[in-house]
file final-v1.pdb (PDB, C-alpha atoms, pLDDT in the B column)
MODEL        1
ATOM      1  CA  MET A  68      10.789 -21.515   0.339  1.00 69.00           C
ATOM      2  CA  GLN A  69       7.076 -21.506   0.998  1.00 89.00           C
ATOM      3  CA  ARG A  70       5.306 -18.189   1.503  1.00 94.00           C
ATOM      4  CA  PRO A  71       4.849 -17.404   5.217  1.00 95.00           C
ATOM      5  CA  SER A  72       1.191 -17.212   6.230  1.00 95.00           C
ATOM      6  CA  GLY A  73       1.641 -13.697   7.643  1.00 96.00           C
ATOM      7  CA  VAL A  74       2.654 -12.472   4.189  1.00 97.00           C
ATOM      8  CA  THR A  75      -0.640 -13.825   2.838  1.00 97.00           C
ATOM      9  CA  VAL A  76      -2.501 -12.005   5.619  1.00 97.00           C
ATOM     10  CA  ILE A  77      -0.749  -8.734   4.745  1.00 98.00           C
ATOM     11  CA  ALA A  78      -1.555  -9.213   1.042  1.00 98.00           C
ATOM     12  CA  VAL A  79      -5.227  -9.790   1.919  1.00 98.00           C
ATOM     13  CA  LEU A  80      -5.158  -6.580   3.985  1.00 97.00           C
ATOM     14  CA  ASP A  81      -3.797  -4.811   0.893  1.00 97.00           C
ATOM     15  CA  PHE A  82      -6.677  -6.184  -1.193  1.00 98.00           C
ATOM     16  CA  ILE A  83      -9.207  -5.103   1.449  1.00 97.00           C
ATOM     17  CA  GLY A  84      -7.600  -1.649   1.464  1.00 96.00           C
ATOM     18  CA  ALA A  85      -7.884  -1.537  -2.325  1.00 97.00           C
ATOM     19  CA  GLY A  86     -11.599  -2.303  -2.014  1.00 97.00           C
ATOM     20  CA  GLY A  87     -11.974   0.525   0.486  1.00 96.00           C
ATOM     21  CA  CYS A  88     -10.180   2.881  -1.883  1.00 96.00           C
ATOM     22  CA  LEU A  89     -12.505   1.868  -4.722  1.00 96.00           C
ATOM     23  CA  ILE A  90     -15.494   2.627  -2.501  1.00 96.00           C
ATOM     24  CA  GLY A  91     -13.886   5.988  -1.673  1.00 93.00           C
ATOM     25  CA  ALA A  92     -13.446   6.742  -5.372  1.00 93.00           C
ATOM     26  CA  LEU A  93     -17.100   5.897  -6.036  1.00 92.00           C
ATOM     27  CA  ALA A  94     -18.182   8.065  -3.110  1.00 90.00           C
ATOM     28  CA  PHE A  95     -16.148  11.006  -4.409  1.00 86.00           C
ATOM     29  CA  GLY A  96     -17.704  10.551  -7.833  1.00 83.00           C
ATOM     30  CA  ALA A  97     -21.250  10.292  -6.470  1.00 83.00           C
ATOM     31  CA  ILE A  98     -20.918  13.303  -4.169  1.00 80.00           C
ATOM     32  CA  THR A  99     -19.279  15.322  -6.926  1.00 78.00           C
ATOM     33  CA  GLY A 100     -22.104  14.415  -9.277  1.00 73.00           C
ATOM     34  CA  LEU A 101     -24.693  15.515  -6.737  1.00 73.00           C
ATOM     35  CA  VAL A 102     -22.967  18.824  -6.009  1.00 70.00           C
ATOM     36  CA  THR A 103     -22.311  19.712  -9.632  1.00 65.00           C
ATOM     37  CA  THR A 104     -25.740  18.771 -11.005  1.00 64.00           C
ATOM     38  CA  ASN A 105     -27.944  20.333  -8.312  1.00 64.00           C
ATOM     39  CA  GLY A 106     -28.575  24.037  -8.599  1.00 62.00           C
ATOM     40  CA  ASN A 107     -26.413  25.856 -11.134  1.00 66.00           C
ATOM     41  CA  PRO A 108     -23.820  23.468 -12.624  1.00 65.00           C
ATOM     42  CA  ASN A 109     -21.907  26.457 -14.041  1.00 72.00           C
ATOM     43  CA  SER A 110     -21.398  28.106 -10.661  1.00 72.00           C
ATOM     44  CA  PRO A 111     -17.851  28.483  -9.312  1.00 75.00           C
ATOM     45  CA  LEU A 112     -18.706  26.118  -6.430  1.00 72.00           C
ATOM     46  CA  ALA A 113     -19.813  23.426  -8.871  1.00 73.00           C
ATOM     47  CA  ARG A 114     -16.589  23.830 -10.857  1.00 75.00           C
ATOM     48  CA  VAL A 115     -14.426  23.586  -7.728  1.00 78.00           C
ATOM     49  CA  ALA A 116     -16.422  20.581  -6.513  1.00 75.00           C
ATOM     50  CA  GLY A 117     -16.062  18.936  -9.910  1.00 78.00           C
ATOM     51  CA  ILE A 118     -12.297  19.419 -10.029  1.00 82.00           C
ATOM     52  CA  GLY A 119     -11.846  18.429  -6.375  1.00 82.00           C
ATOM     53  CA  GLY A 120     -14.092  15.405  -6.730  1.00 83.00           C
ATOM     54  CA  ALA A 121     -12.322  14.205  -9.853  1.00 85.00           C
ATOM     55  CA  ALA A 122      -8.938  14.682  -8.181  1.00 90.00           C
ATOM     56  CA  GLY A 123     -10.103  12.867  -5.048  1.00 90.00           C
ATOM     57  CA  ALA A 124     -11.519   9.971  -7.056  1.00 91.00           C
ATOM     58  CA  ALA A 125      -8.305   9.751  -9.104  1.00 94.00           C
ATOM     59  CA  ILE A 126      -6.183   9.640  -5.930  1.00 95.00           C
ATOM     60  CA  PHE A 127      -8.335   6.877  -4.467  1.00 96.00           C
ATOM     61  CA  LEU A 128      -8.129   4.909  -7.738  1.00 96.00           C
ATOM     62  CA  LEU A 129      -4.349   5.314  -7.764  1.00 97.00           C
ATOM     63  CA  LEU A 130      -4.129   4.091  -4.160  1.00 96.00           C
ATOM     64  CA  ALA A 131      -6.372   1.117  -5.000  1.00 97.00           C
ATOM     65  CA  ALA A 132      -4.142   0.173  -7.939  1.00 97.00           C
ATOM     66  CA  LEU A 133      -1.021   0.552  -5.783  1.00 97.00           C
ATOM     67  CA  SER A 134      -2.523  -1.652  -3.063  1.00 97.00           C
ATOM     68  CA  ILE A 135      -3.382  -4.353  -5.596  1.00 98.00           C
ATOM     69  CA  VAL A 136       0.102  -4.264  -7.124  1.00 98.00           C
ATOM     70  CA  ILE A 137       1.731  -4.483  -3.684  1.00 98.00           C
ATOM     71  CA  GLY A 138      -0.599  -7.309  -2.628  1.00 98.00           C
ATOM     72  CA  VAL A 139       0.202  -9.330  -5.744  1.00 98.00           C
ATOM     73  CA  GLY A 140       3.910  -8.596  -5.270  1.00 97.00           C
ATOM     74  CA  LEU A 141       3.729  -9.906  -1.707  1.00 97.00           C
ATOM     75  CA  LEU A 142       1.967 -13.075  -2.846  1.00 97.00           C
ATOM     76  CA  LYS A 143       4.726 -13.599  -5.418  1.00 96.00           C
ATOM     77  CA  LEU A 144       7.365 -12.919  -2.728  1.00 96.00           C
ATOM     78  CA  ARG A 145       8.820  -9.902  -4.502  1.00 96.00           C
ATOM     79  CA  ASN A 146      11.242  -8.044  -2.233  1.00 96.00           C
ATOM     80  CA  TRP A 147      10.228  -4.641  -3.625  1.00 97.00           C
ATOM     81  CA  ALA A 148       6.680  -5.302  -2.357  1.00 97.00           C
ATOM     82  CA  ARG A 149       8.063  -6.188   1.087  1.00 97.00           C
ATOM     83  CA  LEU A 150      10.121  -2.976   1.188  1.00 97.00           C
ATOM     84  CA  ILE A 151       7.211  -0.795   0.051  1.00 97.00           C
ATOM     85  CA  SER A 152       4.961  -2.451   2.643  1.00 98.00           C
ATOM     86  CA  ILE A 153       7.520  -1.770   5.370  1.00 98.00           C
ATOM     87  CA  PHE A 154       7.749   1.866   4.248  1.00 98.00           C
ATOM     88  CA  PHE A 155       3.969   2.395   4.274  1.00 97.00           C
ATOM     89  CA  ALA A 156       3.555   0.580   7.601  1.00 97.00           C
ATOM     90  CA  ALA A 157       6.278   2.720   9.197  1.00 97.00           C
ATOM     91  CA  LEU A 158       4.747   5.841   7.655  1.00 97.00           C
ATOM     92  CA  GLY A 159       1.385   4.812   9.106  1.00 95.00           C
ATOM     93  CA  VAL A 160       2.926   4.429  12.572  1.00 95.00           C
ATOM     94  CA  VAL A 161       4.514   7.888  12.342  1.00 95.00           C
ATOM     95  CA  ILE A 162       1.292   9.536  11.119  1.00 92.00           C
ATOM     96  CA  ILE A 163      -0.786   7.894  13.852  1.00 89.00           C
ATOM     97  CA  VAL A 164       1.680   8.839  16.602  1.00 88.00           C
ATOM     98  CA  VAL A 165       1.947  12.438  15.368  1.00 87.00           C
ATOM     99  CA  GLY A 166      -1.837  12.675  15.118  1.00 83.00           C
ATOM    100  CA  PHE A 167      -2.173  11.222  18.607  1.00 80.00           C
ATOM    101  CA  VAL A 168       0.298  13.747  20.034  1.00 79.00           C
ATOM    102  CA  LEU A 169      -1.341  16.674  18.258  1.00 77.00           C
ATOM    103  CA  THR A 170      -4.805  15.746  19.486  1.00 75.00           C
ATOM    104  CA  ILE A 171      -3.910  14.612  23.011  1.00 72.00           C
ATOM    105  CA  ALA A 172      -5.690  17.625  24.494  1.00 67.00           C
ATOM    106  CA  HIS A 173      -8.934  16.445  22.841  1.00 71.00           C
ATOM    107  CA  LEU A 174      -8.396  12.775  23.575  1.00 68.00           C
ATOM    108  CA  ASN A 175     -11.360  10.584  24.372  1.00 71.00           C
ATOM    109  CA  ALA A 176     -11.794   6.835  24.746  1.00 70.00           C
ATOM    110  CA  PHE A 177     -13.085   6.349  21.193  1.00 74.00           C
ATOM    111  CA  SER A 178     -10.214   8.203  19.531  1.00 73.00           C
ATOM    112  CA  ALA A 179      -7.684   6.353  21.682  1.00 72.00           C
ATOM    113  CA  VAL A 180      -9.081   2.977  20.596  1.00 74.00           C
ATOM    114  CA  ALA A 181      -9.416   4.190  17.016  1.00 80.00           C
ATOM    115  CA  ASP A 182      -5.695   5.028  17.071  1.00 83.00           C
ATOM    116  CA  VAL A 183      -4.519   1.871  18.831  1.00 87.00           C
ATOM    117  CA  VAL A 184      -5.879  -0.652  16.317  1.00 89.00           C
ATOM    118  CA  PRO A 185      -4.260   0.794  13.161  1.00 92.00           C
ATOM    119  CA  LEU A 186      -1.115   1.563  15.155  1.00 93.00           C
ATOM    120  CA  ALA A 187      -0.897  -2.081  16.233  1.00 95.00           C
ATOM    121  CA  VAL A 188      -1.598  -3.386  12.725  1.00 96.00           C
ATOM    122  CA  ASN A 189       0.990  -1.105  11.090  1.00 96.00           C
ATOM    123  CA  GLY A 190       3.526  -1.865  13.795  1.00 97.00           C
ATOM    124  CA  TRP A 191       2.967  -5.602  13.371  1.00 97.00           C
ATOM    125  CA  ILE A 192       3.324  -5.386   9.569  1.00 97.00           C
ATOM    126  CA  ALA A 193       6.633  -3.515   9.811  1.00 97.00           C
ATOM    127  CA  TRP A 194       7.965  -5.844  12.524  1.00 97.00           C
ATOM    128  CA  TYR A 195       6.833  -8.988  10.710  1.00 98.00           C
ATOM    129  CA  LEU A 196       8.278  -8.039   7.332  1.00 97.00           C
ATOM    130  CA  LEU A 197      11.596  -7.108   8.986  1.00 97.00           C
ATOM    131  CA  ASN A 198      11.785 -10.551  10.645  1.00 95.00           C
ATOM    132  CA  ALA A 199      14.839 -12.493   9.385  1.00 94.00           C
ATOM    133  CA  LYS A 200      12.870 -15.656   8.487  1.00 94.00           C
ATOM    134  CA  VAL A 201      10.256 -13.662   6.588  1.00 95.00           C
ATOM    135  CA  LYS A 202      12.956 -11.626   4.843  1.00 95.00           C
ATOM    136  CA  GLN A 203      14.615 -14.889   3.786  1.00 94.00           C
ATOM    137  CA  ALA A 204      11.395 -15.973   2.046  1.00 94.00           C
ATOM    138  CA  PHE A 205      11.745 -12.951  -0.256  1.00 94.00           C
ATOM    139  CA  THR A 206      15.301 -13.862  -1.234  1.00 89.00           C
ATOM    140  CA  PRO A 207      15.508 -15.633  -4.591  1.00 81.00           C
ATOM    141  CA  ALA A 208      16.586 -19.271  -4.311  1.00 70.00           C
ATOM    142  CA  GLN A 209      20.162 -19.924  -5.436  1.00 58.00           C
ATOM    143  CA  SER A 210      20.410 -22.766  -7.937  1.00 53.00           C
TER     144      SER A 210
ENDMDL
END
call {"tool": "encode", "arguments": {"input": "final-v1.pdb", "output": "structure tokens"}}
result
Amino acid sequence: MQRPSGVTVIAVLDFIGAGGCLIGALAFGAITGLVTTNGNPNSPLARVAGIGGAAGAAIFLLLAALSIVIGVGLLKLRNWARLISIFFAALGVVIIVVGFVLTIAHLNAFSAVADVVPLAVNGWIAWYLLNAKVKQAFTPAQS
């Protein structure tokens, strides 16, 4: 079976997310370098900033690698990539809804729109990958 076009779109979104994570890792590294080299690099603040910056950069690099692996898995129609994508999309929906509920007292038009777009994208990804025809594309062909 041919790969559904929506799967390609989701894989591209994974690759874009990986690029964003790489930028985040570079930003953590640059900010950490600025904090730890200005003033006294042996100060406790510089040490904490160095450890925190390295940890933050490592997390972003790990997320970038994970996004690339999932994106490639989707392009190759690997069911594990579909399942992981469904999990992360559903997790994204839950996090956005919980965040929305917790901040409803401080709600403004910008934050509402900023929540709606990722909520819609994550909801669409989960719905699309759970679709029976799409799921069938991830099933190995019987010979």
call {"tool": "resolve_selection", "arguments": {"input": "final-v1.pdb", "expression": "the PyMOL selection byres ((chain A and resi 193) around 12)", "output": "CSV table (one decimal) with C-alpha atoms, in the coordinates of the input"}}
result
chain,number,residue,atom,x,y,z
A,73,GLY,CA,1.6,-13.7,7.6
A,74,VAL,CA,2.7,-12.5,4.2
A,77,ILE,CA,-0.7,-8.7,4.7
A,149,ARG,CA,8.1,-6.2,1.1
A,150,LEU,CA,10.1,-3.0,1.2
A,151,ILE,CA,7.2,-0.8,0.1
A,152,SER,CA,5.0,-2.5,2.6
A,153,ILE,CA,7.5,-1.8,5.4
A,154,PHE,CA,7.7,1.9,4.2
A,155,PHE,CA,4.0,2.4,4.3
A,156,ALA,CA,3.6,0.6,7.6
A,157,ALA,CA,6.3,2.7,9.2
A,158,LEU,CA,4.7,5.8,7.7
A,159,GLY,CA,1.4,4.8,9.1
A,160,VAL,CA,2.9,4.4,12.6
A,161,VAL,CA,4.5,7.9,12.3
A,186,LEU,CA,-1.1,1.6,15.2
A,187,ALA,CA,-0.9,-2.1,16.2
A,188,VAL,CA,-1.6,-3.4,12.7
A,189,ASN,CA,1.0,-1.1,11.1
A,190,GLY,CA,3.5,-1.9,13.8
A,191,TRP,CA,3.0,-5.6,13.4
A,192,ILE,CA,3.3,-5.4,9.6
A,194,TRP,CA,8.0,-5.8,12.5
A,195,TYR,CA,6.8,-9.0,10.7
A,196,LEU,CA,8.3,-8.0,7.3
A,197,LEU,CA,11.6,-7.1,9.0
A,198,ASN,CA,11.8,-10.6,10.6
A,201,VAL,CA,10.3,-13.7,6.6
A,202,LYS,CA,13.0,-11.6,4.8
call {"tool": "atom_distance", "arguments": {"input": "final-v1.pdb", "atom1": "CA of Thr75 in chain A", "atom2": "CA of Ala131 in chain A"}}
result
17.8 Å
call {"tool": "resolve_selection", "arguments": {"input": "final-v1.pdb", "expression": "the PyMOL selection byres ((chain A and resi 133-140) around 8)", "output": "ChimeraX atom specification"}}
result
/A:77-79,81-82,84-85,129-132,141-149,151-152
call {"tool": "resolve_selection", "arguments": {"input": "final-v1.pdb", "expression": "the PyMOL selection byres ((chain A and resi 182) around 12)", "output": "ChimeraX atom specification"}}
result
/A:159-168,170-171,174-181,183-190
call {"tool": "closest_residue", "arguments": {"input": "final-v1.pdb", "among": "A:Gly86, A:Asn109, A:Val102, A:Phe95", "to": "Ala121 in chain A", "atoms": "all atoms listed in the file"}}
result
A:Phe95
call {"tool": "atom_distance", "arguments": {"input": "final-v1.pdb", "atom1": "CA of Leu128 in chain A", "atom2": "CA of Ser72 in chain A"}}
result
27.8 Å
call {"tool": "atom_distance", "arguments": {"input": "final-v1.pdb", "atom1": "CA of Leu89 in chain A", "atom2": "CA of Arg114 in chain A"}}
result
23.2 Å
call {"tool": "closest_residue", "arguments": {"input": "final-v1.pdb", "among": "A:Val76, A:Ile118, A:Ile126, A:Leu112", "to": "Gly91 in chain A", "atoms": "all atoms listed in the file"}}
result
A:Ile126
call {"tool": "build_atoms", "arguments": {"input": "final-v1.pdb", "residues": "range 150-181 of chain A", "atoms": "N, CA and C atoms", "output": "compact mmCIF listing (two decimals), keeping the file's coordinate frame"}}
result
# COMPACT_ATOMS: atom_id res chain seq x y z
N LEU A 150 9.53 -4.26 0.81
CA LEU A 150 10.12 -2.98 1.19
C LEU A 150 9.10 -1.84 1.16
N ILE A 151 8.25 -1.83 0.13
CA ILE A 151 7.21 -0.80 0.05
C ILE A 151 6.22 -0.96 1.20
N SER A 152 5.88 -2.20 1.53
CA SER A 152 4.96 -2.45 2.64
C SER A 152 5.56 -1.99 3.96
N ILE A 153 6.84 -2.24 4.15
CA ILE A 153 7.52 -1.77 5.37
C ILE A 153 7.48 -0.25 5.43
N PHE A 154 7.76 0.40 4.30
CA PHE A 154 7.75 1.87 4.25
C PHE A 154 6.37 2.41 4.62
N PHE A 155 5.31 1.88 4.00
CA PHE A 155 3.97 2.40 4.27
C PHE A 155 3.51 2.07 5.69
N ALA A 156 3.91 0.91 6.22
CA ALA A 156 3.56 0.58 7.60
C ALA A 156 4.25 1.53 8.57
N ALA A 157 5.54 1.79 8.34
CA ALA A 157 6.28 2.72 9.20
C ALA A 157 5.70 4.13 9.08
N LEU A 158 5.36 4.53 7.87
CA LEU A 158 4.75 5.84 7.66
C LEU A 158 3.42 5.93 8.41
N GLY A 159 2.65 4.85 8.37
CA GLY A 159 1.38 4.81 9.11
C GLY A 159 1.60 4.97 10.60
N VAL A 160 2.62 4.30 11.14
CA VAL A 160 2.93 4.43 12.57
C VAL A 160 3.26 5.88 12.90
N VAL A 161 4.11 6.50 12.09
CA VAL A 161 4.51 7.89 12.34
C VAL A 161 3.31 8.82 12.27
N ILE A 162 2.47 8.67 11.27
CA ILE A 162 1.29 9.54 11.12
C ILE A 162 0.34 9.37 12.29
N ILE A 163 0.12 8.14 12.72
CA ILE A 163 -0.79 7.89 13.85
C ILE A 163 -0.23 8.49 15.14
N VAL A 164 1.07 8.30 15.38
CA VAL A 164 1.68 8.84 16.60
C VAL A 164 1.65 10.36 16.58
N VAL A 165 1.99 10.97 15.46
CA VAL A 165 1.95 12.44 15.37
C VAL A 165 0.51 12.93 15.57
N GLY A 166 -0.44 12.29 14.93
CA GLY A 166 -1.84 12.68 15.12
C GLY A 166 -2.29 12.53 16.56
N PHE A 167 -1.84 11.46 17.20
CA PHE A 167 -2.17 11.22 18.61
C PHE A 167 -1.61 12.34 19.48
N VAL A 168 -0.35 12.69 19.24
CA VAL A 168 0.30 13.75 20.03
C VAL A 168 -0.38 15.10 19.80
N LEU A 169 -0.72 15.38 18.57
CA LEU A 169 -1.34 16.67 18.26
C LEU A 169 -2.75 16.80 18.81
N THR A 170 -3.42 15.68 19.00
CA THR A 170 -4.80 15.75 19.49
C THR A 170 -4.95 15.28 20.93
N ILE A 171 -3.85 15.16 21.65
CA ILE A 171 -3.91 14.61 23.01
C ILE A 171 -4.78 15.47 23.93
N ALA A 172 -4.86 16.75 23.66
CA ALA A 172 -5.69 17.62 24.49
C ALA A 172 -7.17 17.31 24.30
N HIS A 173 -7.53 16.76 23.15
CA HIS A 173 -8.93 16.44 22.84
C HIS A 173 -9.18 14.94 22.88
N LEU A 174 -8.33 14.23 23.56
CA LEU A 174 -8.40 12.78 23.58
C LEU A 174 -9.63 12.28 24.30
N ASN A 175 -10.27 11.28 23.70
CA ASN A 175 -11.36 10.58 24.37
C ASN A 175 -11.17 9.09 24.15
N ALA A 176 -11.97 8.28 24.80
CA ALA A 176 -11.79 6.84 24.75
C ALA A 176 -11.93 6.31 23.32
N PHE A 177 -12.89 6.84 22.55
CA PHE A 177 -13.08 6.35 21.19
C PHE A 177 -11.87 6.64 20.32
N SER A 178 -11.36 7.87 20.38
CA SER A 178 -10.21 8.20 19.53
C SER A 178 -8.97 7.43 19.94
N ALA A 179 -8.83 7.14 21.23
CA ALA A 179 -7.68 6.35 21.68
C ALA A 179 -7.75 4.94 21.10
N VAL A 180 -8.92 4.32 21.16
CA VAL A 180 -9.08 2.98 20.60
C VAL A 180 -8.95 3.03 19.08
N ALA A 181 -9.49 4.06 18.47
CA ALA A 181 -9.42 4.19 17.02
C ALA A 181 -7.98 4.37 16.55
